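Student: So here's input-v1.cif, just mmCIF, C-alpha atoms:
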data_data
loop_
_atom_site.label_atom_id
_atom_site.label_comp_id
_atom_site.auth_asym_id
_atom_site.auth_seq_id
_atom_site.Cartn_x
_atom_site.Cartn_y
_atom_site.Cartn_z
CA MET A 1344 -18.82 69.94 -3.51
CA ALA A 1345 -17.53 70.25 -7.09
CA ASP A 1346 -14.03 71.07 -5.83
CA ILE A 1347 -14.05 67.97 -3.62
CA ILE A 1348 -15.12 65.76 -6.52
CA ASP A 1349 -12.47 67.30 -8.78
CA GLN A 1350 -9.81 66.59 -6.14
CA LYS A 1351 -10.94 62.98 -5.87
CA VAL A 1352 -10.94 62.46 -9.65
CA SER A 1353 -7.56 64.14 -10.06
CA THR A 1354 -6.00 61.94 -7.39
CA GLN A 1355 -7.45 58.75 -8.86
CA ASN A 1356 -6.30 59.67 -12.36
CA ARG A 1357 -2.75 59.99 -11.09
CA LEU A 1358 -3.01 56.75 -9.11
CA ALA A 1359 -4.13 55.07 -12.34
CA ARG A 1360 -0.51 55.00 -13.46
CA ILE A 1361 0.62 52.84 -10.50
CA THR A 1362 0.05 49.63 -12.45
CA SER A 1363 2.68 50.52 -15.00
CA THR A 1364 5.46 51.83 -12.90
CA LEU A 1365 7.18 48.58 -12.04
CA VAL A 1366 7.72 47.83 -15.69
CA ILE A 1367 9.91 50.79 -16.09
CA ALA A 1368 12.03 51.68 -18.14
CA LEU A 1369 16.62 53.82 -20.48
CA GLY A 1370 26.85 59.98 -20.97
CA LEU A 1371 24.53 62.81 -21.47
CA GLY A 1372 21.83 62.47 -24.11
CA VAL A 1373 19.40 59.92 -25.50
CA LEU A 1374 20.24 56.25 -25.38
CA ALA A 1375 20.82 54.87 -28.87
CA PRO A 1376 18.61 51.99 -30.08
CA GLN A 1377 20.20 48.69 -29.22
CA ASP A 1378 20.13 45.09 -30.44
CA ALA A 1379 17.58 43.38 -28.21
CA ALA A 1380 19.52 40.10 -28.25
CA ALA A 1381 22.57 41.83 -26.76
CA LEU A 1382 20.69 43.37 -23.84
CA PRO A 1383 20.60 41.84 -20.33
CA ALA A 1384 18.18 39.03 -19.55
CA LEU A 1385 15.34 39.52 -17.07
CA ALA A 1386 14.54 37.16 -14.23
CA SER A 1387 11.16 35.42 -14.17
CA TYR A 1388 9.54 36.07 -10.81
CA ALA A 1389 6.44 37.04 -8.86
CA ALA A 1390 6.44 39.63 -6.10
CA THR A 1391 4.13 41.47 -3.73
CA TYR A 1392 4.70 45.10 -2.77
CA ASP A 1393 3.07 46.92 0.17
CA ILE A 1394 1.84 50.41 -0.77
CA SER A 1395 1.77 53.25 1.74
CA LEU A 1396 1.45 57.03 1.74
CA VAL A 1397 4.62 58.76 2.96
CA LYS A 1398 3.80 62.38 2.12
CA ALA A 1399 0.69 64.41 1.26
CA THR A 1400 -0.26 68.07 0.92
CA GLN A 1401 -3.71 69.64 1.03
CA LEU A 1402 -3.65 70.23 -2.72
CA GLU A 1403 -5.20 66.86 -3.64
CA GLY A 1404 -7.19 66.25 -0.44
CA LEU A 1405 -5.65 62.78 -0.04
CA ARG A 1406 -5.06 61.90 3.61
CA ALA A 1407 -4.32 58.17 3.60
CA ALA A 1408 -3.48 55.46 1.10
CA SER A 1409 -2.58 51.83 1.65
CA GLY A 1410 -2.71 48.65 -0.38
CA LYS A 1411 -0.81 45.95 -2.20
CA MET A 1412 0.47 45.26 -5.68
CA ASN A 1413 1.01 41.74 -6.97
CA TYR A 1414 3.42 41.72 -9.90
CA ALA A 1415 4.76 38.98 -12.16
CA LEU A 1416 7.19 39.06 -15.09
CA ILE A 1417 7.73 35.79 -16.97
CA ASP A 1418 10.13 35.08 -19.83
CA ARG A 1419 8.05 33.28 -22.51
CA CYS A 1420 10.94 32.65 -24.91
CA ASP A 1421 9.70 34.95 -27.68
CA GLY A 1422 8.54 37.65 -25.31
CA PHE A 1423 7.65 38.62 -21.75
CA THR A 1424 4.29 38.45 -20.01
CA ILE A 1425 3.70 41.14 -17.40
CA GLU A 1426 0.84 41.08 -14.90
CA THR A 1427 -0.06 43.50 -12.14
CA ASP A 1428 -2.94 43.46 -9.67
CA VAL A 1429 -3.15 46.64 -7.59
CA SER A 1430 -5.66 47.21 -4.80
CA ILE A 1431 -5.43 50.50 -2.94
CA ASP A 1432 -7.65 52.10 -0.28
CA LEU A 1433 -7.90 55.91 -0.42
CA ALA A 1434 -9.11 58.29 2.28
CA PHE A 1435 -9.76 61.98 1.63
CA SER A 1436 -9.88 65.06 3.83
CA ASN A 1437 -13.64 65.44 3.22
CA GLY A 1438 -14.28 62.09 4.92
CA LEU A 1439 -14.85 60.11 1.72
CA SER A 1440 -12.97 56.85 1.14
CA ASN A 1441 -12.93 54.26 -1.59
CA ASN A 1442 -11.07 51.27 -2.98
CA VAL A 1443 -9.57 51.20 -6.46
CA ARG A 1444 -8.45 47.93 -8.04
CA LYS A 1445 -6.59 47.75 -11.33
CA ARG A 1446 -5.63 44.53 -13.09
CA TYR A 1447 -3.29 44.64 -16.06
CA ALA A 1448 -1.90 41.88 -18.28
CA GLY A 1449 0.40 42.36 -21.25
CA TRP A 1450 2.73 40.54 -23.62
CA GLU A 1451 5.76 42.23 -25.18
CA ALA A 1452 7.94 40.70 -27.90
CA LYS A 1453 11.61 40.38 -27.04
CA ASP A 1454 12.57 42.20 -30.23
CA GLY A 1455 10.64 45.21 -28.92
CA ARG A 1456 8.35 45.50 -31.95
CA ARG A 1457 4.96 44.21 -30.76
CA SER A 1458 2.76 44.24 -27.70
CA THR A 1459 -0.78 43.30 -26.68
CA PHE A 1460 -2.47 44.21 -23.40
CA ARG A 1461 -5.67 44.48 -21.40
CA MET A 1462 -6.75 46.48 -18.36
CA GLN A 1463 -9.68 46.21 -15.95
CA VAL A 1464 -10.52 48.83 -13.32
CA THR A 1465 -13.05 48.62 -10.50
CA GLU A 1466 -14.00 51.15 -7.84
CA ASN A 1467 -15.54 49.85 -4.62
CA GLY A 1468 -16.12 46.57 -6.44
CA GLU A 1469 -18.05 48.14 -9.34
CA PRO A 1470 -16.70 48.17 -12.94
CA GLU A 1471 -15.16 51.53 -13.76
CA ASP A 1472 -13.14 51.03 -16.95
CA ALA A 1473 -11.80 48.31 -19.23
CA TYR A 1474 -9.83 48.24 -22.45
CA THR A 1475 -7.62 46.08 -24.63
CA GLY A 1476 -4.92 47.21 -27.02
CA SER A 1477 -1.90 46.57 -29.16
CA VAL A 1478 1.34 48.26 -30.21
CA GLU A 1479 3.26 47.86 -33.46
CA LEU A 1480 6.71 49.44 -33.87
CA GLY A 1481 8.99 49.63 -36.89
CA ALA A 1482 12.76 49.19 -36.94
CA ASP A 1483 13.23 52.89 -36.10
CA GLY A 1484 10.83 52.74 -33.15
CA SER A 1485 8.02 54.66 -34.83
CA GLY A 1486 4.59 53.07 -34.92
CA ARG A 1487 1.09 53.08 -33.57
CA ALA A 1488 -0.73 52.10 -30.37
CA VAL A 1489 -4.47 51.33 -30.42
CA TYR A 1490 -6.71 51.18 -27.33
CA THR A 1491 -10.19 49.64 -27.59
CA GLY A 1492 -12.69 50.20 -24.79
CA ALA A 1493 -15.80 52.35 -24.58
CA GLU A 1494 -14.13 54.20 -27.44
CA THR A 1495 -11.21 53.38 -29.73
CA THR A 1496 -8.18 55.64 -29.36
CA ALA A 1497 -4.97 55.54 -31.40
CA PHE A 1498 -1.59 57.13 -30.71
CA ASP A 1499 1.10 57.74 -33.31
CA LEU A 1500 4.44 56.85 -31.72
CA PRO A 1501 7.59 58.82 -32.59
CA ARG A 1502 10.90 57.36 -33.73
CA GLY A 1503 12.86 55.83 -30.90
CA THR A 1504 9.83 54.59 -28.93
CA ILE A 1505 10.45 51.43 -26.92
CA LEU A 1506 8.29 49.05 -24.90
CA SER A 1507 8.53 48.85 -21.11
CA SER A 1508 10.45 45.54 -20.93
CA MET A 1509 12.99 46.91 -23.41
CA GLN A 1510 13.28 50.05 -21.31
CA LEU A 1511 14.02 47.97 -18.22
CA ARG A 1512 16.75 46.02 -20.05
CA GLU A 1513 18.30 49.23 -21.38
CA LEU A 1514 18.29 50.73 -17.89
CA ILE A 1515 20.33 47.76 -16.65
CA ASP A 1516 22.67 48.04 -19.62
CA ALA A 1517 23.17 51.77 -18.99
CA GLY A 1518 23.95 51.04 -15.33
CA ARG A 1519 26.57 48.46 -16.29
CA ARG A 1520 28.16 50.94 -18.70
CA ALA A 1521 28.11 53.70 -16.05
CA ALA A 1522 26.05 55.90 -18.39
CA PRO A 1523 24.28 58.11 -15.84
CA PHE A 1524 21.96 60.35 -17.88
CA VAL A 1525 19.10 58.77 -19.80
CA ALA A 1526 16.16 59.85 -21.97
CA GLN A 1527 13.64 57.75 -23.90
CA SER A 1528 10.12 57.60 -25.33
CA VAL A 1529 8.24 54.69 -23.74
CA MET A 1530 4.97 52.95 -24.57
CA ASP A 1531 3.23 50.68 -22.08
CA GLY A 1532 -0.37 49.48 -22.22
CA ALA A 1533 -0.80 50.44 -18.57
CA PHE A 1534 -0.26 54.09 -19.55
CA GLU A 1535 -3.89 55.08 -19.95
CA ASP A 1536 -2.99 58.38 -21.60
CA GLY A 1537 -0.58 57.02 -24.21
CA PRO A 1538 3.22 57.20 -24.49
CA TYR A 1539 5.58 59.09 -22.21
CA ARG A 1540 8.91 60.82 -22.58
CA THR A 1541 11.24 59.89 -19.74
CA THR A 1542 14.43 61.49 -18.49
CA GLY A 1543 16.48 60.33 -15.59
CA PHE A 1544 19.68 59.58 -13.71
CA ILE A 1545 21.34 56.28 -12.79
CA ALA A 1546 23.65 56.49 -9.77
CA PRO A 1547 26.75 54.28 -9.41
CA ALA A 1548 26.11 50.69 -8.36
CA ARG A 1549 25.82 49.94 -4.66
CA THR A 1550 26.28 46.72 -2.76
CA THR A 1551 23.13 44.81 -1.96
CA ALA A 1552 22.30 44.59 1.71
CA PRO A 1553 22.71 41.01 2.97
CA VAL A 1554 19.61 38.84 3.11
CA THR A 1555 18.33 38.74 6.69
CA GLU A 1556 15.48 37.11 8.56
CA GLU A 1557 13.41 40.21 7.75
CA SER A 1558 14.04 39.86 4.01
CA PRO A 1559 11.20 38.55 1.81
CA ASP A 1560 10.82 34.77 1.54
CA ASN A 1561 12.88 33.07 -1.20
CA ALA A 1562 14.74 36.34 -1.70
CA ALA A 1563 18.34 35.14 -1.50
CA LYS A 1564 18.99 34.46 -5.20
CA LEU A 1565 16.67 37.08 -6.69
CA LEU A 1566 17.97 39.88 -4.45
CA ASP A 1567 21.65 38.98 -4.68
CA GLY A 1568 24.21 41.28 -6.31
CA PRO A 1569 24.64 45.05 -6.65
CA TYR A 1570 21.87 47.48 -7.51
CA TRP A 1571 21.57 50.95 -9.06
CA PRO A 1572 19.56 53.81 -7.53
CA VAL A 1573 17.50 55.19 -10.44
CA THR A 1574 15.43 58.37 -10.78
CA LEU A 1575 13.03 58.82 -13.72
CA ALA A 1576 10.70 61.69 -14.61
CA TYR A 1577 7.67 61.05 -16.84
CA PHE A 1578 6.36 63.69 -19.29
CA PRO A 1579 3.41 63.14 -21.69
CA ILE A 1580 4.65 63.01 -25.28
CA GLY A 1581 3.49 66.04 -27.21
CA GLY A 1582 3.16 68.23 -24.12
CA GLN A 1583 5.26 71.27 -23.30
CA ALA A 1584 5.19 70.96 -19.50
CA GLU A 1585 8.47 71.61 -17.70
CA VAL A 1586 7.26 69.72 -14.62
CA PRO A 1587 6.75 65.94 -15.00
CA ASP A 1588 3.47 64.19 -14.28
CA TYR A 1589 5.35 62.09 -11.74
CA GLU A 1590 8.81 60.88 -10.73
CA LEU A 1591 10.04 57.44 -9.73
CA ASN A 1592 12.95 56.61 -7.44
CA PHE A 1593 13.86 52.95 -7.16
CA GLN A 1594 16.59 50.38 -6.59
CA LEU A 1595 17.20 48.25 -9.70
CA LEU A 1596 19.01 44.92 -9.60
CA SER A 1597 20.89 43.53 -12.60
CA ASN A 1598 18.19 40.85 -13.15
CA GLY A 1599 15.42 43.46 -13.44
CA VAL A 1600 14.01 43.08 -9.93
CA ILE A 1601 12.94 46.30 -8.20
CA ARG A 1602 13.88 46.25 -4.51
CA SER A 1603 11.81 49.28 -3.50
CA MET A 1604 10.27 52.34 -5.12
CA THR A 1605 8.77 55.73 -4.33
CA GLN A 1606 6.33 57.45 -6.70
CA ASP A 1607 6.28 61.23 -6.36
CA TYR A 1608 3.18 62.95 -7.79
CA GLY A 1609 4.07 66.36 -6.34
CA ALA A 1610 1.10 66.63 -4.00
CA TYR A 1611 1.76 63.21 -2.49
CA VAL A 1612 4.37 60.44 -2.44
CA LEU A 1613 3.71 56.69 -2.35
CA LEU A 1614 6.14 54.03 -1.13
CA MET A 1615 6.13 50.53 -2.62
CA ARG A 1616 8.06 48.17 -0.35
CA LEU A 1617 8.91 44.61 -1.41
CA ALA A 1618 7.03 42.23 0.91
CA SER A 1619 7.60 38.86 -0.81
CA ILE A 1620 9.26 37.49 -3.92
CA SER A 1621 9.70 34.07 -5.51
CA PRO A 1622 11.19 32.70 -8.76
CA ARG A 1623 9.03 31.44 -11.63
CA GLU A 1624 9.87 29.09 -14.46
CA GLY A 1625 10.60 30.90 -17.71
CA GLY A 1626 12.67 30.85 -20.88
CA CYS A 1627 12.65 28.55 -23.89
CA PRO A 1628 11.88 24.82 -23.61
#
Before we go any further, please render this structure as structure tokens.

Tutor:
Amino acid sequence: MADIIDQKVSTQNRLARITSTLVIALGLGVLAPQDAAALPALASYAATYDISLVKATQLEGLRAASGKMNYALIDRCDGFTIETDVSIDLAFSNGLSNNVRKRYAGWEAKDGRRSTFRMQVTENGEPEDAYTGSVELGADGSGRAVYTGAETTAFDLPRGTILSSMQLRELIDAGRRAAPFVAQSVMDGAFEDGPYRTTGFIAPARTTAPVTEESPDNAAKLLDGPYWPVTLAYFPIGGQAEVPDYELNFQLLSNGVIRSMTQDYGAYVLLMRLASISPREGGCP
């Protein structure tokens, strides 16, 4: 029975990172810090993604997963607000099943120096975890992240650390410059275990498929234009592992919208397919 419980906990811990992976983030080498004002703008929008399991091995005991993620990114003039609401149903090989819901809300300054956030987690409708936090970064990207929940935890952030909205903007900029290889240190309040080191590859831009009757409602403007196929691997900062905790593969538009995404945790792979999308008012008055 202990092995079954361990499998269930391990799978849920990995699924805990789902709420952060839409706010992603960067030649050969590390992207240099950039002037935030010169980076691409992000569209203000709300979207819903359908979540499904596309691959699973016996290692984790996960046999089925399905759910939805509601996501919104709004330009608030001096920063961006980011909200995610993920509900996912899990079924395991031992016959157990449960529902995990994670709600995240954060604000990130456009200059990339400050962030505040909060997270709430429920399992089968019962409170499981909750925390609030903040991030402060200096001009060189070094700083500190503080999480306050049942306990208070602090992370010292290395030079070059960026917030998730800045990472997304730098990804777009790298795609426009045809800079294929990327590496960054990223801090996001939805990362429950602190900052991550990311490495990845941006493929050449591809033409967006035309909007059809099957495309999400109100998609024409938000889904217009070319996109870049992006692959990112996530490694915990401070660790020595050669294998990442997980990998993301997604289609990134020049306005920051993610068309689709797969999340590969090794033992299983989740697909997040865009189901609906609509613009939201944002920017300065």

Student: In terms of the shortest atom-to-atom distance over all atoms listed in the file, which of A:Trp1450, A:Tyr1570, A:Phe1524, A:Tyr1608 is closest to Leu1596 in chain A?

Tutor: A:Tyr1570

Student: For the file shown, report as number ranges by chain the outcome of the PyMOL selection byres ((chain A and resi 1621) around 6) at residue level.

Tutor: A: 1388-1389, 1561, 1620, 1622

Student: Taking 4 positions as the minimum chain separation for residues in the same chain, which residues sit within 8 Å of Tyr1474 in chain A when counting all atoms listed in the file? Answer as a list in words.

Tutor: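 Within the cut-off, the hits are Arg1461, Met1462, Gln1463, Tyr1490, Thr1491, Gly1492 and Ala1493 of chain A.
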
Student: Evaluating the PyMOL selection byres ((chain A and resi 1415) around 12) on the displayed file yields which residues, as a ChimeraX atom specification?

Tutor: /A:1362,1365-1366,1385-1392,1412-1414,1416-1418,1423-1429,1446-1450,1599-1601,1619-1625

Student: Do you have the CA of Ser1603 in chain A-CA of Met1615 in chain A distance handy?

Tutor: 5.9 Å

Student: Please expand the PyMOL selection byres ((chain A and resi 1510) around 10) into the concrete residues it hits in this file, giving the result as a ChimeraX atom specification.

Tutor: /A:1366-1369,1455,1504-1509,1511-1516,1527-1530

Student: What's the 10 Å shell around Asn1467 in chain A, counting all atoms listed in the file, without same-chain residues fewer than 2 positions away, as a list in words?

Tutor: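 After dropping sequence-adjacent residues, the list is Asp1432, Ser1440, Asn1441, Asn1442, Val1443, Arg1444, Thr1465, Glu1469, Pro1470 and Glu1471 of chain A.
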
Student: Mind giving me the straight-line distance from CA of Gly1537 in chain A to CA of Ser1485 in chain A in Å, one decimal?

Tutor: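 These two atoms are separated by 13.9 Å.
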
Student: Would you mind completing range 1507-1537 of chain A so that it carries N, CA and C atoms, and writing it out as a PDB file, keeping the file's coordinate frame?

Tutor:
ATOM      1  N   SER A1507       8.069  48.752 -22.491  1.00  0.00           N
ATOM      2  CA  SER A1507       8.530  48.850 -21.110  1.00  0.00           C
ATOM      3  C   SER A1507       9.578  47.800 -20.745  1.00  0.00           C
ATOM      4  N   SER A1508       9.448  46.555 -21.249  1.00  0.00           N
ATOM      5  CA  SER A1508      10.450  45.540 -20.930  1.00  0.00           C
ATOM      6  C   SER A1508      11.796  45.886 -21.570  1.00  0.00           C
ATOM      7  N   MET A1509      11.762  46.470 -22.772  1.00  0.00           N
ATOM      8  CA  MET A1509      12.990  46.910 -23.410  1.00  0.00           C
ATOM      9  C   MET A1509      13.617  48.064 -22.626  1.00  0.00           C
ATOM     10  N   GLN A1510      12.789  48.942 -22.114  1.00  0.00           N
ATOM     11  CA  GLN A1510      13.280  50.050 -21.310  1.00  0.00           C
ATOM     12  C   GLN A1510      14.005  49.538 -20.068  1.00  0.00           C
ATOM     13  N   LEU A1511      13.406  48.543 -19.421  1.00  0.00           N
ATOM     14  CA  LEU A1511      14.020  47.970 -18.220  1.00  0.00           C
ATOM     15  C   LEU A1511      15.385  47.374 -18.546  1.00  0.00           C
ATOM     16  N   ARG A1512      15.479  46.644 -19.655  1.00  0.00           N
ATOM     17  CA  ARG A1512      16.750  46.020 -20.050  1.00  0.00           C
ATOM     18  C   ARG A1512      17.788  47.086 -20.400  1.00  0.00           C
ATOM     19  N   GLU A1513      17.353  48.174 -21.037  1.00  0.00           N
ATOM     20  CA  GLU A1513      18.300  49.230 -21.380  1.00  0.00           C
ATOM     21  C   GLU A1513      18.746  50.009 -20.151  1.00  0.00           C
ATOM     22  N   LEU A1514      17.887  50.120 -19.150  1.00  0.00           N
ATOM     23  CA  LEU A1514      18.290  50.730 -17.890  1.00  0.00           C
ATOM     24  C   LEU A1514      19.436  49.937 -17.252  1.00  0.00           C
ATOM     25  N   ILE A1515      19.281  48.619 -17.229  1.00  0.00           N
ATOM     26  CA  ILE A1515      20.330  47.760 -16.650  1.00  0.00           C
ATOM     27  C   ILE A1515      21.616  47.909 -17.444  1.00  0.00           C
ATOM     28  N   ASP A1516      21.494  47.901 -18.770  1.00  0.00           N
ATOM     29  CA  ASP A1516      22.670  48.040 -19.620  1.00  0.00           C
ATOM     30  C   ASP A1516      23.363  49.383 -19.380  1.00  0.00           C
ATOM     31  N   ALA A1517      22.588  50.451 -19.248  1.00  0.00           N
ATOM     32  CA  ALA A1517      23.170  51.770 -18.990  1.00  0.00           C
ATOM     33  C   ALA A1517      23.886  51.786 -17.640  1.00  0.00           C
ATOM     34  N   GLY A1518      23.301  51.120 -16.635  1.00  0.00           N
ATOM     35  CA  GLY A1518      23.950  51.040 -15.330  1.00  0.00           C
ATOM     36  C   GLY A1518      25.280  50.312 -15.405  1.00  0.00           C
ATOM     37  N   ARG A1519      25.324  49.227 -16.149  1.00  0.00           N
ATOM     38  CA  ARG A1519      26.570  48.460 -16.290  1.00  0.00           C
ATOM     39  C   ARG A1519      27.642  49.273 -17.007  1.00  0.00           C
ATOM     40  N   ARG A1520      27.216  50.127 -17.944  1.00  0.00           N
ATOM     41  CA  ARG A1520      28.160  50.940 -18.700  1.00  0.00           C
ATOM     42  C   ARG A1520      28.494  52.251 -18.001  1.00  0.00           C
ATOM     43  N   ALA A1521      27.904  52.453 -16.808  1.00  0.00           N
ATOM     44  CA  ALA A1521      28.110  53.700 -16.050  1.00  0.00           C
ATOM     45  C   ALA A1521      27.713  54.911 -16.889  1.00  0.00           C
ATOM     46  N   ALA A1522      26.599  54.785 -17.618  1.00  0.00           N
ATOM     47  CA  ALA A1522      26.050  55.900 -18.390  1.00  0.00           C
ATOM     48  C   ALA A1522      24.940  56.529 -17.553  1.00  0.00           C
ATOM     49  N   PRO A1523      25.200  57.635 -16.873  1.00  0.00           N
ATOM     50  CA  PRO A1523      24.280  58.110 -15.840  1.00  0.00           C
ATOM     51  C   PRO A1523      23.031  58.825 -16.323  1.00  0.00           C
ATOM     52  N   PHE A1524      23.101  59.548 -17.439  1.00  0.00           N
ATOM     53  CA  PHE A1524      21.960  60.350 -17.880  1.00  0.00           C
ATOM     54  C   PHE A1524      21.211  59.646 -18.997  1.00  0.00           C
ATOM     55  N   VAL A1525      19.883  59.546 -18.866  1.00  0.00           N
ATOM     56  CA  VAL A1525      19.100  58.770 -19.800  1.00  0.00           C
ATOM     57  C   VAL A1525      17.846  59.524 -20.230  1.00  0.00           C
ATOM     58  N   ALA A1526      17.394  59.250 -21.451  1.00  0.00           N
ATOM     59  CA  ALA A1526      16.160  59.850 -21.970  1.00  0.00           C
ATOM     60  C   ALA A1526      15.593  58.934 -23.034  1.00  0.00           C
ATOM     61  N   GLN A1527      14.273  58.655 -22.941  1.00  0.00           N
ATOM     62  CA  GLN A1527      13.640  57.750 -23.900  1.00  0.00           C
ATOM     63  C   GLN A1527      12.160  58.073 -24.052  1.00  0.00           C
ATOM     64  N   SER A1528      11.565  57.616 -25.138  1.00  0.00           N
ATOM     65  CA  SER A1528      10.120  57.600 -25.330  1.00  0.00           C
ATOM     66  C   SER A1528       9.647  56.178 -25.071  1.00  0.00           C
ATOM     67  N   VAL A1529       8.653  56.012 -24.200  1.00  0.00           N
ATOM     68  CA  VAL A1529       8.240  54.690 -23.740  1.00  0.00           C
ATOM     69  C   VAL A1529       6.744  54.501 -23.934  1.00  0.00           C
ATOM     70  N   MET A1530       6.372  53.315 -24.414  1.00  0.00           N
ATOM     71  CA  MET A1530       4.970  52.950 -24.570  1.00  0.00           C
ATOM     72  C   MET A1530       4.672  51.708 -23.757  1.00  0.00           C
ATOM     73  N   ASP A1531       3.649  51.794 -22.920  1.00  0.00           N
ATOM     74  CA  ASP A1531       3.230  50.680 -22.080  1.00  0.00           C
ATOM     75  C   ASP A1531       1.704  50.690 -22.056  1.00  0.00           C
ATOM     76  N   GLY A1532       1.077  49.538 -22.202  1.00  0.00           N
ATOM     77  CA  GLY A1532      -0.370  49.480 -22.220  1.00  0.00           C
ATOM     78  C   GLY A1532      -1.021  49.940 -20.926  1.00  0.00           C
ATOM     79  N   ALA A1533      -0.267  49.966 -19.835  1.00  0.00           N
ATOM     80  CA  ALA A1533      -0.800  50.440 -18.570  1.00  0.00           C
ATOM     81  C   ALA A1533      -0.811  51.967 -18.492  1.00  0.00           C
ATOM     82  N   PHE A1534      -0.165  52.637 -19.447  1.00  0.00           N
ATOM     83  CA  PHE A1534      -0.260  54.090 -19.550  1.00  0.00           C
ATOM     84  C   PHE A1534      -1.604  54.419 -20.194  1.00  0.00           C
ATOM     85  N   GLU A1535      -2.551  54.868 -19.419  1.00  0.00           N
ATOM     86  CA  GLU A1535      -3.890  55.080 -19.950  1.00  0.00           C
ATOM     87  C   GLU A1535      -3.970  56.293 -20.877  1.00  0.00           C
ATOM     88  N   ASP A1536      -2.977  57.172 -20.784  1.00  0.00           N
ATOM     89  CA  ASP A1536      -2.990  58.380 -21.600  1.00  0.00           C
ATOM     90  C   ASP A1536      -1.980  58.327 -22.740  1.00  0.00           C
ATOM     91  N   GLY A1537      -1.510  57.126 -23.094  1.00  0.00           N
ATOM     92  CA  GLY A1537      -0.580  57.020 -24.210  1.00  0.00           C
ATOM     93  C   GLY A1537       0.878  57.067 -23.786  1.00  0.00           C
TER      94      GLY A1537
END
